[in-house]
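Student: Okay, so here is input.cif, and as you'll see once you scroll down, it has mmCIF, C-alpha atoms.
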data_start
loop_
_atom_site.label_atom_id
_atom_site.label_comp_id
_atom_site.auth_asym_id
_atom_site.auth_seq_id
_atom_site.Cartn_x
_atom_site.Cartn_y
_atom_site.Cartn_z
CA MET A 7 54.82 206.26 101.85
CA ALA A 8 57.02 207.51 104.61
CA THR A 9 55.85 210.46 106.68
CA THR A 10 57.10 213.88 105.61
CA SER A 11 57.44 216.42 108.41
CA HIS A 12 59.10 219.81 108.45
CA TYR A 13 62.30 217.86 109.07
CA GLY A 14 61.92 215.78 105.90
CA PRO A 15 61.01 212.17 105.07
CA SER A 16 60.54 209.83 108.04
CA SER A 17 60.33 206.06 108.38
CA SER A 18 57.97 206.25 111.36
CA SER A 19 54.77 205.73 109.37
CA LEU A 20 56.26 202.73 107.57
CA GLU A 21 57.13 201.24 110.93
CA ARG A 22 53.58 201.81 112.21
CA ASP A 23 52.08 200.26 109.06
CA ALA A 24 54.33 197.21 109.41
CA ARG A 25 53.23 196.78 113.03
CA ARG A 26 49.57 196.88 112.00
CA ILE A 27 50.17 194.30 109.27
CA HIS A 28 51.84 191.92 111.71
CA ASP A 29 49.52 192.77 114.60
CA ASP A 30 48.22 189.18 114.79
CA LYS A 31 51.71 187.64 114.67
CA PRO A 32 53.40 188.23 118.04
CA VAL A 33 57.15 187.84 117.98
CA SER A 34 58.59 185.24 120.34
CA PRO A 35 61.39 185.96 122.83
CA GLY A 36 63.49 183.47 120.85
CA SER A 37 63.13 185.54 117.66
CA ILE A 38 64.04 188.69 119.56
CA ALA A 39 67.08 186.92 121.00
CA ILE A 40 68.30 185.79 117.57
CA GLY A 41 67.92 189.30 116.15
CA VAL A 42 69.74 190.83 119.10
CA VAL A 43 72.64 188.37 118.88
CA ILE A 44 73.00 188.93 115.11
CA GLY A 45 73.01 192.69 115.63
CA ARG A 46 75.61 192.64 118.39
CA MET A 47 77.74 190.10 116.56
CA SER A 48 77.93 192.35 113.49
CA GLU A 49 79.04 195.34 115.59
CA PHE A 50 81.72 193.39 117.42
CA PHE A 51 82.89 191.74 114.20
CA ASP A 52 83.56 195.16 112.67
CA PHE A 53 85.46 196.32 115.72
CA PHE A 54 87.46 193.12 116.13
CA VAL A 55 88.44 192.98 112.46
CA TYR A 56 89.90 196.42 112.97
CA GLY A 57 91.47 195.47 116.30
CA LEU A 58 93.22 192.41 114.88
CA ALA A 59 94.50 194.41 111.92
CA SER A 60 95.87 196.95 114.41
CA VAL A 61 98.34 194.28 115.43
CA LEU A 62 98.84 192.24 112.27
CA VAL A 63 98.70 194.85 109.50
CA PHE A 64 98.72 198.54 110.30
CA PRO A 65 102.12 198.76 112.06
CA GLN A 66 103.79 197.60 108.81
CA LEU A 67 101.35 199.07 106.29
CA VAL A 68 100.58 202.49 107.77
CA PHE A 69 103.48 203.09 110.17
CA PRO A 70 106.54 201.59 108.42
CA PHE A 71 108.53 204.69 109.39
CA ALA A 72 108.33 203.84 113.11
CA PRO A 73 111.77 203.11 114.60
CA ASP A 74 110.63 199.64 115.74
CA ARG A 75 107.62 197.32 115.66
CA LEU A 76 106.60 198.26 119.21
CA THR A 77 106.33 201.94 118.35
CA GLY A 78 104.36 201.15 115.20
CA THR A 79 101.92 199.04 117.23
CA LEU A 80 101.50 201.82 119.79
CA TYR A 81 100.72 204.27 116.96
CA SER A 82 98.20 201.76 115.64
CA PHE A 83 96.58 201.37 119.07
CA ALA A 84 96.30 205.16 119.32
CA ILE A 85 94.20 205.17 116.13
CA PHE A 86 92.24 202.22 117.57
CA SER A 87 91.13 204.41 120.48
CA LEU A 88 89.57 207.08 118.26
CA ALA A 89 86.37 205.10 117.74
CA PHE A 90 85.57 205.20 121.43
CA LEU A 91 85.94 208.98 121.45
CA ALA A 92 83.57 209.29 118.48
CA ARG A 93 80.94 206.91 119.84
CA PRO A 94 79.26 209.30 122.36
CA VAL A 95 79.12 211.97 119.63
CA GLY A 96 77.43 209.46 117.33
CA SER A 97 74.88 208.64 120.00
CA VAL A 98 73.90 212.28 120.42
CA VAL A 99 73.60 212.89 116.66
CA PHE A 100 71.72 209.68 115.91
CA MET A 101 69.31 210.15 118.83
CA THR A 102 68.31 213.39 117.12
CA ILE A 103 67.83 211.53 113.83
CA ASP A 104 65.76 208.95 115.70
CA ARG A 105 63.39 211.59 117.08
CA MET A 106 63.08 213.42 113.76
CA TYR A 107 63.01 210.62 111.21
CA GLY A 108 62.31 207.34 113.00
CA ARG A 109 64.20 204.34 114.34
CA GLY A 110 64.35 202.60 110.95
CA THR A 111 65.99 205.60 109.27
CA LYS A 112 68.48 205.90 112.10
CA LEU A 113 69.50 202.24 111.98
CA THR A 114 69.76 202.19 108.18
CA ILE A 115 72.10 205.19 108.11
CA ALA A 116 74.15 203.97 111.09
CA LEU A 117 74.68 200.41 109.86
CA PHE A 118 75.52 201.44 106.30
CA LEU A 119 78.00 203.96 107.71
CA LEU A 120 79.45 201.30 110.03
CA GLY A 121 79.75 198.72 107.25
CA GLY A 122 80.95 201.31 104.76
CA SER A 123 83.64 202.63 107.08
CA THR A 124 84.87 199.10 107.76
CA ALA A 125 84.76 198.01 104.11
CA SER A 126 86.56 201.19 103.03
CA ILE A 127 89.58 200.16 105.07
CA ALA A 128 89.95 197.19 102.69
CA PHE A 129 90.96 199.67 99.96
CA LEU A 130 93.43 201.60 102.14
CA PRO A 131 96.77 202.29 100.40
CA GLY A 132 99.86 202.03 102.57
CA TYR A 133 102.13 204.82 103.77
CA GLU A 134 104.68 204.00 101.09
CA VAL A 135 102.04 204.71 98.42
CA ILE A 136 100.29 207.88 99.62
CA GLY A 137 102.34 208.94 102.64
CA VAL A 138 100.67 210.65 105.56
CA TRP A 139 97.28 210.42 103.83
CA SER A 140 97.29 206.72 104.69
CA ILE A 141 97.28 207.63 108.40
CA ALA A 142 94.64 210.31 107.88
CA LEU A 143 92.31 207.95 106.01
CA LEU A 144 92.75 205.20 108.60
CA ALA A 145 91.87 207.67 111.37
CA LEU A 146 88.85 208.92 109.39
CA PHE A 147 87.50 205.41 108.82
CA ARG A 148 88.07 204.51 112.48
CA LEU A 149 86.19 207.62 113.58
CA GLY A 150 83.43 206.61 111.16
CA GLN A 151 83.19 203.21 112.84
CA GLY A 152 82.84 204.74 116.28
CA PHE A 153 80.42 207.44 115.17
CA ALA A 154 78.22 204.86 113.43
CA LEU A 155 78.30 202.48 116.39
CA GLY A 156 76.84 205.26 118.50
CA GLY A 157 73.85 205.20 116.15
CA ALA A 158 73.56 201.42 116.08
CA TRP A 159 71.99 201.36 119.57
CA ASP A 160 68.55 199.99 118.68
CA GLY A 161 66.80 199.29 121.98
CA LEU A 162 66.38 195.61 121.15
CA ALA A 163 68.27 194.49 124.25
CA SER A 164 65.82 196.52 126.32
CA LEU A 165 62.94 194.99 124.34
CA LEU A 166 64.27 191.58 125.29
CA ALA A 167 64.75 192.55 128.95
CA LEU A 168 61.30 194.14 129.27
CA ASN A 169 59.71 190.96 127.91
CA ALA A 170 61.70 188.75 130.29
CA PRO A 171 60.01 186.94 133.19
CA ALA A 172 60.91 188.47 136.56
CA ASN A 173 62.86 185.42 137.69
CA HIS A 174 64.85 185.10 134.45
CA ARG A 175 66.15 188.63 133.94
CA GLY A 176 69.77 187.58 134.31
CA TRP A 177 69.29 184.95 131.62
CA TYR A 178 67.78 187.41 129.16
CA ALA A 179 70.36 190.10 130.01
CA MET A 180 73.22 187.83 128.96
CA ILE A 181 71.82 187.02 125.50
CA PRO A 182 72.95 190.25 123.74
CA GLN A 183 76.45 189.77 125.21
CA LEU A 184 76.92 186.56 123.23
CA GLY A 185 77.52 188.69 120.16
CA ALA A 186 80.97 189.74 121.46
CA PRO A 187 82.74 186.36 121.62
CA ILE A 188 80.94 185.15 118.49
CA GLY A 189 82.04 188.24 116.56
CA PHE A 190 85.59 187.88 117.88
CA ALA A 191 85.73 184.18 116.98
CA LEU A 192 84.54 184.89 113.44
CA ALA A 193 87.03 187.74 112.95
CA SER A 194 89.89 185.65 114.39
CA THR A 195 89.00 182.66 112.24
CA LEU A 196 89.07 184.73 109.05
CA PHE A 197 92.34 186.43 109.90
CA GLY A 198 93.87 183.23 111.19
CA TYR A 199 93.07 181.42 107.95
CA PHE A 200 94.86 184.01 105.82
CA VAL A 201 97.79 184.29 108.24
CA ALA A 202 98.29 180.52 108.24
CA ASN A 203 97.89 179.97 104.48
CA LEU A 204 99.58 182.99 102.89
CA SER A 205 103.13 184.22 102.85
CA SER A 206 103.80 187.37 104.85
CA GLU A 207 104.12 189.35 101.60
CA ASP A 208 100.77 188.16 100.22
CA PHE A 209 99.00 188.64 103.54
CA LEU A 210 100.21 192.24 103.86
CA SER A 211 99.52 192.91 100.19
CA TRP A 212 95.95 191.61 99.83
CA GLY A 213 95.03 188.80 102.24
CA TRP A 214 94.21 191.03 105.20
CA ARG A 215 91.65 192.97 103.16
CA TYR A 216 89.09 190.15 102.81
CA PRO A 217 87.73 190.25 106.40
CA PHE A 218 86.93 193.93 105.90
CA PHE A 219 84.89 193.09 102.80
CA VAL A 220 82.93 190.50 104.77
CA ALA A 221 82.00 193.13 107.36
CA PHE A 222 79.76 195.03 104.96
CA ALA A 223 77.76 191.91 104.03
CA ILE A 224 77.32 191.00 107.71
CA ASN A 225 76.04 194.51 108.45
CA VAL A 226 73.41 194.26 105.71
CA VAL A 227 72.13 190.99 107.18
CA ALA A 228 72.12 192.53 110.66
CA LEU A 229 70.21 195.57 109.40
CA PHE A 230 67.33 193.48 108.07
CA ALA A 231 67.27 191.39 111.27
CA ARG A 232 66.99 194.55 113.35
CA LEU A 233 64.43 196.30 111.19
CA ARG A 234 62.20 193.23 111.38
CA LEU A 235 62.12 193.50 115.17
CA VAL A 236 61.79 197.29 115.24
CA MET A 237 58.61 196.90 113.18
CA THR A 238 56.94 194.42 115.54
CA LYS A 239 53.89 195.14 117.68
CA GLU A 240 55.87 194.49 120.86
CA PHE A 241 58.47 197.12 119.97
CA GLY A 242 55.78 199.62 118.96
CA THR A 243 53.90 199.13 122.23
CA LEU A 244 56.99 199.86 124.31
CA LEU A 245 57.80 202.82 122.06
CA GLU A 246 54.32 204.26 122.65
CA GLN A 247 54.76 203.71 126.40
CA HIS A 248 58.00 205.75 126.16
CA GLU A 249 60.11 202.78 127.31
CA LEU A 250 62.17 202.88 124.10
CA GLU A 251 61.78 206.54 123.22
CA ALA A 252 64.80 208.62 122.21
CA ALA A 253 65.03 211.52 124.65
CA PRO A 254 67.20 214.65 124.24
CA ILE A 255 70.55 213.99 125.87
CA LEU A 256 70.45 217.23 127.90
CA ASP A 257 67.15 216.16 129.47
CA VAL A 258 68.61 212.76 130.34
CA LEU A 259 71.71 214.34 131.89
CA ARG A 260 69.56 216.72 133.92
CA VAL A 261 67.39 213.95 135.37
CA HIS A 262 69.81 211.02 135.44
CA GLY A 263 73.29 212.56 135.36
CA ARG A 264 74.31 210.82 138.57
CA ASP A 265 72.99 207.47 137.34
CA ILE A 266 74.95 207.83 134.09
CA LEU A 267 78.15 208.50 136.04
CA ILE A 268 77.64 205.54 138.38
CA GLY A 269 76.49 203.30 135.54
CA ALA A 270 79.63 204.06 133.53
CA PHE A 271 81.80 202.73 136.38
CA VAL A 272 79.76 199.65 137.36
CA PRO A 273 80.95 197.51 134.38
CA LEU A 274 84.49 198.94 134.39
CA ALA A 275 86.17 195.73 135.59
CA SER A 276 84.60 193.78 132.74
CA PHE A 277 85.25 196.43 130.10
CA ALA A 278 88.85 196.96 131.25
CA MET A 279 89.44 193.23 130.85
CA PHE A 280 87.67 193.09 127.49
CA HIS A 281 90.59 194.14 125.28
CA LEU A 282 93.20 192.73 127.65
CA VAL A 283 92.16 189.18 126.70
CA THR A 284 91.44 189.88 123.01
CA ILE A 285 93.67 192.52 121.39
CA PHE A 286 96.49 192.98 123.90
CA PRO A 287 97.62 189.29 124.05
CA LEU A 288 97.89 189.17 120.26
CA GLY A 289 99.98 192.33 120.32
CA TRP A 290 102.27 190.98 123.01
CA MET A 291 102.66 187.63 121.22
CA SER A 292 103.47 189.31 117.90
CA LEU A 293 106.16 191.43 119.57
CA TYR A 294 107.71 189.16 122.18
CA GLY A 295 106.36 185.61 121.70
CA ASN A 296 107.69 182.78 119.59
CA GLN A 297 104.44 180.96 118.93
CA PRO A 298 103.17 181.12 115.30
CA ILE A 299 100.49 183.80 115.08
CA GLY A 300 98.13 181.47 113.21
CA THR A 301 98.39 178.92 116.02
CA PHE A 302 97.83 181.53 118.70
CA MET A 303 94.72 182.80 116.91
CA VAL A 304 93.28 179.28 117.13
CA VAL A 305 93.82 179.52 120.89
CA GLN A 306 91.95 182.82 120.88
CA VAL A 307 89.01 181.21 119.08
CA VAL A 308 88.97 178.47 121.74
CA GLY A 309 89.03 181.21 124.36
CA ALA A 310 86.06 182.90 122.71
CA MET A 311 84.08 179.65 122.90
CA VAL A 312 84.92 179.43 126.61
CA GLY A 313 83.63 182.99 126.83
CA VAL A 314 80.32 181.95 125.25
CA VAL A 315 79.87 179.21 127.87
CA ALA A 316 80.80 181.62 130.68
CA ILE A 317 78.32 184.25 129.47
CA ILE A 318 75.55 181.64 129.45
CA ALA A 319 76.57 180.59 132.96
CA SER A 320 76.42 184.23 134.09
CA GLY A 321 72.72 184.32 133.27
CA LEU A 322 72.01 181.26 135.38
CA ILE A 323 74.10 182.54 138.30
CA ALA A 324 72.60 186.05 138.21
CA ASP A 325 69.07 184.63 138.40
CA ARG A 326 70.08 182.79 141.57
CA ILE A 327 72.10 185.39 143.46
CA GLY A 328 71.16 188.69 141.78
CA ARG A 329 72.98 190.84 139.24
CA ARG A 330 74.69 193.12 141.77
CA ALA A 331 76.13 190.18 143.69
CA GLN A 332 77.20 188.56 140.43
CA LEU A 333 79.07 191.67 139.31
CA ALA A 334 80.68 192.16 142.73
CA ILE A 335 81.92 188.57 142.91
CA CYS A 336 83.27 188.79 139.35
CA ALA A 337 85.05 192.05 140.17
CA VAL A 338 86.81 190.26 143.03
CA ILE A 339 87.73 187.40 140.68
CA ILE A 340 89.10 189.90 138.17
CA ALA A 341 91.11 191.53 140.96
CA VAL A 342 92.63 188.13 141.80
CA PHE A 343 93.28 187.50 138.10
CA SER A 344 95.10 190.84 137.87
CA PHE A 345 97.87 189.31 140.01
CA ILE A 346 97.88 185.92 138.27
CA GLY A 347 97.55 187.09 134.67
CA PRO A 348 100.91 188.83 134.25
CA THR A 349 102.68 185.74 135.61
CA LEU A 350 100.91 183.56 133.06
CA ILE A 351 101.89 185.83 130.16
CA ALA A 352 105.51 185.87 131.28
CA SER A 353 105.75 182.07 131.62
CA GLY A 354 105.97 181.22 127.92
CA ASN A 355 103.58 179.98 125.25
CA ASN A 356 101.56 177.69 127.49
CA GLY A 357 101.12 180.40 130.08
CA HIS A 358 100.16 182.90 127.38
CA ASP A 359 97.54 180.48 126.06
CA ALA A 360 96.24 179.87 129.59
CA PHE A 361 95.96 183.64 130.12
CA VAL A 362 93.66 183.90 127.10
CA ILE A 363 91.47 180.89 127.87
CA ILE A 364 91.12 181.55 131.60
CA GLY A 365 90.74 185.26 130.91
CA PHE A 366 87.86 184.67 128.51
CA GLY A 367 86.15 182.53 131.16
CA VAL A 368 86.46 185.25 133.79
CA LEU A 369 85.46 187.92 131.27
CA GLY A 370 82.35 185.99 130.21
CA LEU A 371 81.08 185.62 133.78
CA SER A 372 81.35 189.38 134.31
CA PHE A 373 80.57 190.66 130.82
CA GLY A 374 77.39 188.59 130.64
CA GLN A 375 75.69 190.92 133.14
CA ALA A 376 77.65 194.13 132.53
CA THR A 377 75.26 195.80 130.09
CA GLY A 378 72.17 194.74 132.01
CA SER A 379 73.43 196.73 134.98
CA ILE A 380 73.60 199.93 132.95
CA SER A 381 69.89 200.54 132.34
CA SER A 382 68.49 199.33 135.65
CA ARG A 383 68.21 202.79 137.29
CA PHE A 384 66.70 204.74 134.38
CA GLY A 385 63.04 205.68 134.45
CA ARG A 386 60.51 205.44 131.64
CA GLY A 387 61.28 207.87 128.83
CA TYR A 388 64.97 208.02 129.74
CA ARG A 389 65.96 204.35 129.60
CA TYR A 390 66.81 204.16 125.89
CA THR A 391 68.99 207.27 125.62
CA GLY A 392 70.39 206.94 129.13
CA ALA A 393 71.52 203.35 128.61
CA ALA A 394 73.11 204.21 125.27
CA PHE A 395 75.09 207.17 126.59
CA THR A 396 76.14 205.31 129.75
CA SER A 397 77.37 202.41 127.66
CA ASP A 398 79.38 204.81 125.48
CA LEU A 399 81.11 206.31 128.51
CA ALA A 400 81.78 202.89 130.05
CA TRP A 401 83.43 201.63 126.85
CA LEU A 402 85.43 204.85 126.53
CA VAL A 403 86.77 204.79 130.09
CA GLY A 404 87.11 201.04 130.49
CA ALA A 405 88.11 199.67 127.10
CA GLY A 406 88.90 202.38 124.61
CA PHE A 407 92.51 202.96 125.65
CA ALA A 408 93.18 199.53 127.20
CA PRO A 409 95.45 198.10 124.44
CA LEU A 410 97.44 201.34 124.19
CA VAL A 411 97.86 201.79 127.95
CA ALA A 412 98.55 198.10 128.66
CA LEU A 413 101.19 197.77 125.93
CA SER A 414 102.80 201.09 126.85
CA LEU A 415 103.07 200.21 130.53
CA SER A 416 104.10 196.58 130.08
CA SER A 417 106.79 197.33 127.49
CA ARG A 418 108.30 200.05 129.65
CA PHE A 419 107.74 198.91 133.24
CA GLY A 420 106.89 195.21 132.98
CA LEU A 421 103.80 193.03 132.76
CA THR A 422 102.94 193.65 136.40
CA PHE A 423 101.53 197.02 135.35
CA VAL A 424 98.96 195.30 133.17
CA GLY A 425 97.72 193.71 136.39
CA TYR A 426 97.60 197.11 138.10
CA TYR A 427 95.52 198.48 135.23
CA LEU A 428 93.09 195.58 135.54
CA LEU A 429 92.99 195.91 139.32
CA SER A 430 92.00 199.57 139.03
CA GLY A 431 88.98 198.54 136.96
CA ALA A 432 87.93 195.98 139.57
CA ILE A 433 88.22 198.57 142.35
CA CYS A 434 86.12 201.05 140.36
CA THR A 435 83.40 198.44 139.84
CA LEU A 436 83.25 197.53 143.53
CA ALA A 437 83.17 201.20 144.53
CA ALA A 438 80.41 202.00 142.03
CA LEU A 439 78.32 199.04 143.19
CA ALA A 440 78.70 200.09 146.82
CA PHE A 441 77.83 203.71 146.03
CA SER A 442 74.80 202.64 143.98
CA LYS A 443 73.53 200.45 146.82
CA ALA A 444 73.99 203.26 149.32
CA LEU A 445 72.00 205.63 147.10
CA GLU A 446 69.17 203.13 146.75
CA GLN A 447 68.97 202.65 150.51
CA ARG A 448 68.94 206.41 151.03
CA GLU A 449 66.17 206.82 148.45
#
Do you think you could lay out the structure here as structure tokens?
Tutor:
Amino acid sequence: MATTSHYGPSSSSLERDARRIHDDKPVSPGSIAIGVVIGRMSEFFDFFVYGLASVLVFPQLVFPFAPDRLTGTLYSFAIFSLAFLARPVGSVVFMTIDRMYGRGTKLTIALFLLGGSTASIAFLPGYEVIGVWSIALLALFRLGQGFALGGAWDGLASLLALNAPANHRGWYAMIPQLGAPIGFALASTLFGYFVANLSSEDFLSWGWRYPFFVAFAINVVALFARLRLVMTKEFGTLLEQHELEAAPILDVLRVHGRDILIGAFVPLASFAMFHLVTIFPLGWMSLYGNQPIGTFMVVQVVGAMVGVVAIIASGLIADRIGRRAQLAICAVIIAVFSFIGPTLIASGNNGHDAFVIIGFGVLGLSFGQATGSISSRFGRGYRYTGAAFTSDLAWLVGAGFAPLVALSLSSRFGLTFVGYYLLSGAICTLAALAFSKALEQRE
């Protein structure tokens, strides 16, 4: 039976029993890697299903009263940003649940809430049916996604990194990042199939809802994959050594507040680019392009596959030149791309496609090492919570408002301002890396 404390039932004893049962069956790094990729893929699938619907569905379904399609899309992107505001709050709440009731309980609640919030959107009535309540429900479900994602931080990426050989840390750091392009490719494939094979009326009536149903099933699979690893001897050992322990957020801020601030800006170039090669190009194409959306989504899937290859390459490069050098070089490349990218988008369908494919390649090289950089400065006992909260802030600052800001600026002032937005992220990354190095030399 689960432990019962003055807080209530806990899964901690079940986790300890499972570790004792499997004590003679050490888990391989390959098994950890598969579990981590499945977990990250499920999270990104949920978020990308929502992101794609923010362009293809919600402007017509939830904001039909908007004076034009652009305004409706901007309203939709504003709701999109809510999840990134809720994510740090979710981290704080679920870290408390982790300490009181165990990692298994935390993950079960978080992933069912994440899958449930996503699946609930499939039943969302439009504005013409229930009026303003359609907007309120969409905002509520989006907040639920972000809040739950804050609790989905499981420590498995750290488990993988702490079991990595010293000369292959870049390789192991990139493995969790593969979940992003895989989740995006799966979400784009599902949406693209329905867009290409249904009439606009059928797609907006019922076709768009199916990817949201799939999200719940994927989350259940991901939950079991994660719980299996949480209940391994290797995880338990690191938990007992306080490497994966959930610490109170105020304690982490007191000890590592400066590291959290620096860590939130180190991956900013990568995170700023993240939605500028995934959600923003689809929005721009739907508003101003003349390429069939189904065809363009195939291009995005190709781009995602390029991203997978680039992420793998980032691991090999980082092991040769070091993670800091890798991130600095990629920030410079992103800065160069910030001048080239707007020209590609403005040059027609071929240029737009090239923006996505090249952009995914550049993104993969940077994104592959972005998360690994976040936890490198945290000490034992603070790594788990510190990395989670730093990641939340980095996503909020770098990616949360990117589609809204990029579309607002580009539609009003021109595509050049998308490049300026991306350039600002690259500058922040280079400044944070330089400041971090200076602090290390001083220490």
Student: Once the PyMOL selection byres ((chain A and resi 110-116) around 6) is applied to the coordinates I shared, what remains selected? I want it as a PDB file with C-alpha atoms, in the frame of the given file.
Tutor:
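And here's part.pdb as it stands now:
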ATOM      1  CA  SER A  17      60.330 206.060 108.380  1.00  0.00           C
ATOM      2  CA  ILE A 103      67.830 211.530 113.830  1.00  0.00           C
ATOM      3  CA  ASP A 104      65.760 208.950 115.700  1.00  0.00           C
ATOM      4  CA  GLY A 108      62.310 207.340 113.000  1.00  0.00           C
ATOM      5  CA  ARG A 109      64.200 204.340 114.340  1.00  0.00           C
ATOM      6  CA  LEU A 117      74.680 200.410 109.860  1.00  0.00           C
ATOM      7  CA  PHE A 118      75.520 201.440 106.300  1.00  0.00           C
ATOM      8  CA  LEU A 119      78.000 203.960 107.710  1.00  0.00           C
ATOM      9  CA  ALA A 154      78.220 204.860 113.430  1.00  0.00           C
ATOM     10  CA  GLY A 157      73.850 205.200 116.150  1.00  0.00           C
ATOM     11  CA  ALA A 158      73.560 201.420 116.080  1.00  0.00           C
TER      12      ALA A 158
END
Student: Which distance in Å separates CA of Ser206 (chain A) and CA of Pro70 (chain A), to one decimal?
Tutor: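 These two atoms are separated by 14.9 Å.
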Student: Have a look at A:Ser205, A:Ser276, A:Thr124, A:Ser353 and name the one nearest to Ala221 (chain A); count all atoms listed in the file.
Tutor: A:Thr124
Student: Have a look at A:Ile38, A:Val308, A:Ala167, A:Leu428 and name the one nearest to Leu192 (chain A); count only C-alpha atoms.
Tutor: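 So, comparing all the options, the nearest one is A:Val308.
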Student: CA of Met311 (chain A) and CA of Ala191 (chain A), how far apart in Å?
Tutor: 7.6 Å
Student: Using the chain letters and numbers from the file, which residues does the PyMOL selection byres ((chain A and resi 297) around 10) grab, as number ranges by chain?
Tutor: A: 291-292, 294-296, 298-302, 354-356, 358-359
